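The data block below is entry22.pdb; it holds PDB, C-alpha atoms, pLDDT in the B column.
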```pdb
ATOM      1  CA  MET Y   1    -196.973   9.582-121.366  1.00 45.00           C
ATOM      2  CA  ASN Y   2    -199.531   7.609-119.409  1.00 53.00           C
ATOM      3  CA  LEU Y   3    -198.283   4.277-117.999  1.00 50.00           C
ATOM      4  CA  ARG Y   4    -201.399   2.556-119.372  1.00 54.00           C
ATOM      5  CA  ASP Y   5    -200.436   3.730-122.872  1.00 58.00           C
ATOM      6  CA  LEU Y   6    -196.996   2.202-122.445  1.00 52.00           C
ATOM      7  CA  TYR Y   7    -198.110  -1.232-121.268  1.00 50.00           C
ATOM      8  CA  PRO Y   8    -201.879  -1.527-120.910  1.00 53.00           C
ATOM      9  CA  GLU Y   9    -202.355  -5.296-121.239  1.00 60.00           C
ATOM     10  CA  ILE Y  10    -199.099  -7.021-120.340  1.00 63.00           C
ATOM     11  CA  GLU Y  11    -199.950 -10.394-118.851  1.00 64.00           C
ATOM     12  CA  GLY Y  12    -196.762 -10.689-116.824  1.00 68.00           C
ATOM     13  CA  ASP Y  13    -193.663  -8.637-116.253  1.00 72.00           C
ATOM     14  CA  LEU Y  14    -191.493  -7.030-118.887  1.00 80.00           C
ATOM     15  CA  THR Y  15    -188.674  -9.184-120.232  1.00 81.00           C
ATOM     16  CA  ILE Y  16    -185.124  -8.218-119.199  1.00 82.00           C
ATOM     17  CA  THR Y  17    -182.187  -8.804-121.540  1.00 81.00           C
ATOM     18  CA  PRO Y  18    -178.581  -7.604-121.262  1.00 81.00           C
ATOM     19  CA  SER Y  19    -177.658  -4.758-123.589  1.00 81.00           C
ATOM     20  CA  SER Y  20    -174.569  -2.813-124.521  1.00 78.00           C
ATOM     21  CA  GLY Y  21    -174.234   0.374-126.483  1.00 69.00           C
ATOM     22  CA  ALA Y  22    -172.904   3.915-126.419  1.00 66.00           C
ATOM     23  CA  ASP Y  23    -173.952   4.287-122.769  1.00 61.00           C
ATOM     24  CA  GLY Y  24    -172.116   1.106-121.743  1.00 69.00           C
ATOM     25  CA  GLU Y  25    -173.511  -2.108-120.336  1.00 77.00           C
ATOM     26  CA  GLY Y  26    -177.050  -2.279-119.071  1.00 81.00           C
ATOM     27  CA  PHE Y  27    -180.406  -4.005-119.469  1.00 83.00           C
ATOM     28  CA  ALA Y  28    -183.164  -3.686-122.059  1.00 83.00           C
ATOM     29  CA  LEU Y  29    -186.802  -4.059-121.051  1.00 83.00           C
ATOM     30  CA  SER Y  30    -189.168  -5.414-123.688  1.00 82.00           C
ATOM     31  CA  ARG Y  31    -192.881  -6.102-123.968  1.00 79.00           C
ATOM     32  CA  THR Y  32    -193.511  -9.663-125.031  1.00 73.00           C
ATOM     33  CA  ASP Y  33    -197.305  -9.719-124.990  1.00 69.00           C
ATOM     34  CA  TRP Y  34    -197.423  -8.724-128.673  1.00 65.00           C
ATOM     35  CA  SER Y  35    -196.342 -10.877-131.594  1.00 68.00           C
ATOM     36  CA  GLU Y  36    -192.917  -9.208-131.765  1.00 77.00           C
ATOM     37  CA  PRO Y  37    -190.958  -8.039-128.689  1.00 76.00           C
ATOM     38  CA  VAL Y  38    -191.181  -4.241-128.345  1.00 77.00           C
ATOM     39  CA  LEU Y  39    -188.372  -2.332-126.608  1.00 79.00           C
ATOM     40  CA  VAL Y  40    -189.829  -0.265-123.761  1.00 78.00           C
ATOM     41  CA  ALA Y  41    -186.741   1.051-121.954  1.00 79.00           C
ATOM     42  CA  VAL Y  42    -183.014   0.593-121.458  1.00 80.00           C
ATOM     43  CA  VAL Y  43    -181.416   0.849-118.021  1.00 81.00           C
ATOM     44  CA  PRO Y  44    -177.751   1.658-118.703  1.00 78.00           C
ATOM     45  CA  ASP Y  45    -174.796   1.600-116.358  1.00 74.00           C
ATOM     46  CA  GLY Y  46    -173.936   5.054-117.722  1.00 62.00           C
ATOM     47  CA  ALA Y  47    -174.349   6.804-114.372  1.00 60.00           C
ATOM     48  CA  GLY Y  48    -171.444   4.898-112.859  1.00 64.00           C
ATOM     49  CA  TYR Y  49    -173.494   3.172-110.194  1.00 64.00           C
ATOM     50  CA  GLY Y  50    -172.505  -0.306-111.342  1.00 66.00           C
ATOM     51  CA  ILE Y  51    -174.057  -3.079-113.337  1.00 67.00           C
ATOM     52  CA  GLY Y  52    -175.540  -4.622-110.181  1.00 71.00           C
ATOM     53  CA  GLU Y  53    -177.532  -1.512-109.415  1.00 78.00           C
ATOM     54  CA  ALA Y  54    -178.547  -1.181-113.065  1.00 77.00           C
ATOM     55  CA  GLU Y  55    -179.892  -4.737-112.876  1.00 77.00           C
ATOM     56  CA  GLY Y  56    -181.808  -3.837-109.703  1.00 78.00           C
ATOM     57  CA  HIS Y  57    -183.435  -0.863-111.425  1.00 79.00           C
ATOM     58  CA  ALA Y  58    -184.251  -3.048-114.445  1.00 81.00           C
ATOM     59  CA  ARG Y  59    -185.904  -5.629-112.175  1.00 81.00           C
ATOM     60  CA  LEU Y  60    -188.022  -2.918-110.513  1.00 81.00           C
ATOM     61  CA  LEU Y  61    -189.100  -1.520-113.882  1.00 83.00           C
ATOM     62  CA  ALA Y  62    -189.797  -5.030-115.188  1.00 81.00           C
ATOM     63  CA  ARG Y  63    -192.139  -5.624-112.270  1.00 83.00           C
ATOM     64  CA  SER Y  64    -193.948  -2.277-112.731  1.00 83.00           C
ATOM     65  CA  PRO Y  65    -196.775  -3.629-114.971  1.00 81.00           C
ATOM     66  CA  THR Y  66    -197.639  -6.120-112.234  1.00 83.00           C
ATOM     67  CA  MET Y  67    -197.528  -3.384-109.571  1.00 86.00           C
ATOM     68  CA  LEU Y  68    -199.783  -1.152-111.694  1.00 84.00           C
ATOM     69  CA  ARG Y  69    -202.322  -3.976-112.132  1.00 83.00           C
ATOM     70  CA  LEU Y  70    -202.276  -4.789-108.400  1.00 86.00           C
ATOM     71  CA  LEU Y  71    -202.753  -1.148-107.430  1.00 86.00           C
ATOM     72  CA  SER Y  72    -205.656  -0.760-109.861  1.00 83.00           C
ATOM     73  CA  GLU Y  73    -207.166  -3.973-108.502  1.00 83.00           C
ATOM     74  CA  ALA Y  74    -206.837  -2.768-104.889  1.00 83.00           C
ATOM     75  CA  LEU Y  75    -208.450   0.562-105.720  1.00 81.00           C
ATOM     76  CA  SER Y  76    -211.408  -1.144-107.402  1.00 80.00           C
ATOM     77  CA  ILE Y  77    -211.815  -3.927-104.823  1.00 77.00           C
ATOM     78  CA  PHE Y  78    -211.809  -1.598-101.837  1.00 75.00           C
ATOM     79  CA  GLY Y  79    -213.359   1.433-103.526  1.00 77.00           C
ATOM     80  CA  GLU Y  80    -216.907   0.534-102.565  1.00 72.00           C
ATOM     81  CA  GLU Y  81    -215.931   0.041 -98.944  1.00 72.00           C
ATOM     82  CA  PHE Y  82    -214.381   3.486 -98.624  1.00 74.00           C
ATOM     83  CA  GLU Y  83    -216.557   5.464-101.027  1.00 78.00           C
ATOM     84  CA  GLY Y  84    -219.930   3.743-100.680  1.00 72.00           C
ATOM     85  CA  ASP Y  85    -222.763   4.696 -98.409  1.00 76.00           C
ATOM     86  CA  GLU Y  86    -223.267   1.225 -96.986  1.00 75.00           C
ATOM     87  CA  GLU Y  87    -221.305   0.096 -93.977  1.00 77.00           C
ATOM     88  CA  VAL Y  88    -219.113  -2.949 -94.614  1.00 74.00           C
ATOM     89  CA  PRO Y  89    -218.420  -5.311 -91.713  1.00 79.00           C
ATOM     90  CA  GLY Y  90    -214.781  -5.116 -90.648  1.00 82.00           C
ATOM     91  CA  ALA Y  91    -214.347  -8.898 -90.817  1.00 88.00           C
ATOM     92  CA  ASP Y  92    -215.409  -8.922 -94.494  1.00 84.00           C
ATOM     93  CA  LEU Y  93    -212.994  -6.126 -95.309  1.00 82.00           C
ATOM     94  CA  VAL Y  94    -210.129  -7.876 -93.509  1.00 88.00           C
ATOM     95  CA  GLU Y  95    -210.891 -11.174 -95.293  1.00 89.00           C
ATOM     96  CA  ARG Y  96    -210.958  -9.525 -98.755  1.00 85.00           C
ATOM     97  CA  PHE Y  97    -207.744  -7.667 -98.001  1.00 87.00           C
ATOM     98  CA  ALA Y  98    -206.028 -10.851 -96.800  1.00 91.00           C
ATOM     99  CA  ILE Y  99    -206.953 -12.660-100.036  1.00 91.00           C
ATOM    100  CA  TRP Y 100    -205.729  -9.737-102.172  1.00 89.00           C
ATOM    101  CA  ARG Y 101    -202.552  -9.405-100.082  1.00 91.00           C
ATOM    102  CA  ALA Y 102    -201.644 -13.077-100.536  1.00 93.00           C
ATOM    103  CA  ARG Y 103    -202.141 -12.787-104.316  1.00 89.00           C
ATOM    104  CA  ALA Y 104    -200.131  -9.542-104.471  1.00 90.00           C
ATOM    105  CA  LYS Y 105    -197.311 -11.000-102.366  1.00 91.00           C
ATOM    106  CA  ALA Y 106    -197.062 -14.082-104.606  1.00 90.00           C
ATOM    107  CA  LYS Y 107    -196.960 -11.990-107.790  1.00 86.00           C
ATOM    108  CA  LEU Y 108    -194.426  -9.491-106.465  1.00 85.00           C
ATOM    109  CA  SER Y 109    -192.115 -12.120-104.983  1.00 85.00           C
ATOM    110  CA  ALA Y 110    -192.036 -14.353-108.079  1.00 82.00           C
ATOM    111  CA  PRO Y 111    -188.487 -14.428-109.480  1.00 79.00           C
ATOM    112  CA  ILE Y 112    -187.511 -12.282-112.443  1.00 74.00           C
ATOM    113  CA  THR Y 113    -184.466 -13.792-114.081  1.00 67.00           C
ATOM    114  CA  PRO Y 114    -182.806 -11.795-116.848  1.00 60.00           C
ATOM    115  CA  VAL Y 115    -181.950 -13.657-120.001  1.00 54.00           C
ATOM    116  CA  ARG Y 116    -178.164 -13.772-120.112  1.00 51.00           C
ATOM    117  CA  GLY Y 117    -176.584 -13.173-123.506  1.00 47.00           C
TER     118      GLY Y 117
END
```

The structure given in the file should be rewritten as structure tokens.
Amino acid sequence: MNLRDLYPEIEGDLTITPSSGADGEGFALSRTDWSEPVLVAVVPDGAGYGIGEAEGHARLLARSPTMLRLLSEALSIFGEEFEGDEEVPGADLVERFAIWRARAKAKLSAPITPVRG
């Protein structure tokens, strides 16, 4: 399945909620950009690596829509510089990258706090 099919227009990150089931404790990841929350994935503690590590994996997966958007943005912003025929001044390229980097850093370092049940 294509990642864009899974979450093409999520405004923010996926929502993390604690879950428990046959596989043990873990975290559920849900889309909340639709009218009803839609379960996307469950990160269980079934592998025996501990609930802390399961939460870390859930946080990484929750942030993945943001990472996908930032990567797509970087490819489109800098595509013309690397694929075009015109030469782009280095200072302009550095300035555009610095602006994008600051935005990416802010989005990727924003806290993701699971909803505790």

Exercise for review: Apply the PyMOL selection byres ((chain Y and resi 55) around 10) to the displayed file and report the matching residues as a PyMOL selection string.
Suggested key: chain Y and resi 16-18+26-28+43-45+50-54+56-61+114

Exercise for review: Quick one: everything within 9 Å of segment 104-111 of chain Y, counting only C-alpha atoms, minus sequence neighbours fewer than 6 positions away in the same chain. Send it as a count of residues only.
Suggested key: 4

Check your understanding: For the file shown, what are the residues hit by the PyMOL selection byres ((chain Y and resi 74-85) around 12), laid out as an MDAnalysis selection string?
Key -> chainID Y and resid 67:73 86:90 92:101 103:104

Selection export as an mmCIF file, in the coordinates of the input, atoms kept: C-alpha atoms:
```cif
data_model
loop_
_atom_site.group_PDB
_atom_site.id
_atom_site.type_symbol
_atom_site.label_atom_id
_atom_site.label_comp_id
_atom_site.auth_asym_id
_atom_site.auth_seq_id
_atom_site.Cartn_x
_atom_site.Cartn_y
_atom_site.Cartn_z
ATOM 1 C CA MET Y 67 -197.528 -3.384 -109.571
ATOM 2 C CA LEU Y 68 -199.783 -1.152 -111.694
ATOM 3 C CA ARG Y 69 -202.322 -3.976 -112.132
ATOM 4 C CA LEU Y 70 -202.276 -4.789 -108.400
ATOM 5 C CA LEU Y 71 -202.753 -1.148 -107.430
ATOM 6 C CA SER Y 72 -205.656 -0.760 -109.861
ATOM 7 C CA GLU Y 73 -207.166 -3.973 -108.502
ATOM 8 C CA GLU Y 86 -223.267 1.225 -96.986
ATOM 9 C CA GLU Y 87 -221.305 0.096 -93.977
ATOM 10 C CA VAL Y 88 -219.113 -2.949 -94.614
ATOM 11 C CA PRO Y 89 -218.420 -5.311 -91.713
ATOM 12 C CA GLY Y 90 -214.781 -5.116 -90.648
ATOM 13 C CA ASP Y 92 -215.409 -8.922 -94.494
ATOM 14 C CA LEU Y 93 -212.994 -6.126 -95.309
ATOM 15 C CA VAL Y 94 -210.129 -7.876 -93.509
ATOM 16 C CA GLU Y 95 -210.891 -11.174 -95.293
ATOM 17 C CA ARG Y 96 -210.958 -9.525 -98.755
ATOM 18 C CA PHE Y 97 -207.744 -7.667 -98.001
ATOM 19 C CA ALA Y 98 -206.028 -10.851 -96.800
ATOM 20 C CA ILE Y 99 -206.953 -12.660 -100.036
ATOM 21 C CA TRP Y 100 -205.729 -9.737 -102.172
ATOM 22 C CA ARG Y 101 -202.552 -9.405 -100.082
ATOM 23 C CA ARG Y 103 -202.141 -12.787 -104.316
ATOM 24 C CA ALA Y 104 -200.131 -9.542 -104.471
#
```

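For the atom pair formed by atom CA of Ala102 of chain Y and atom CA of Leu14 of chain Y, the distance is 21.8 Å, given to one decimal.
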
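The interatomic distance for the pair atom CA of Pro65 of chain Y and atom CA of Ser20 of chain Y works out to 24.2 Å.
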
Revision key, fill the gap. Restricting to all atoms listed in the file, whichever of Y:Ala91, Y:Ala62, Y:Glu36, Y:Ala41 is closest to Ser19 of chain Y is Y:Ala41
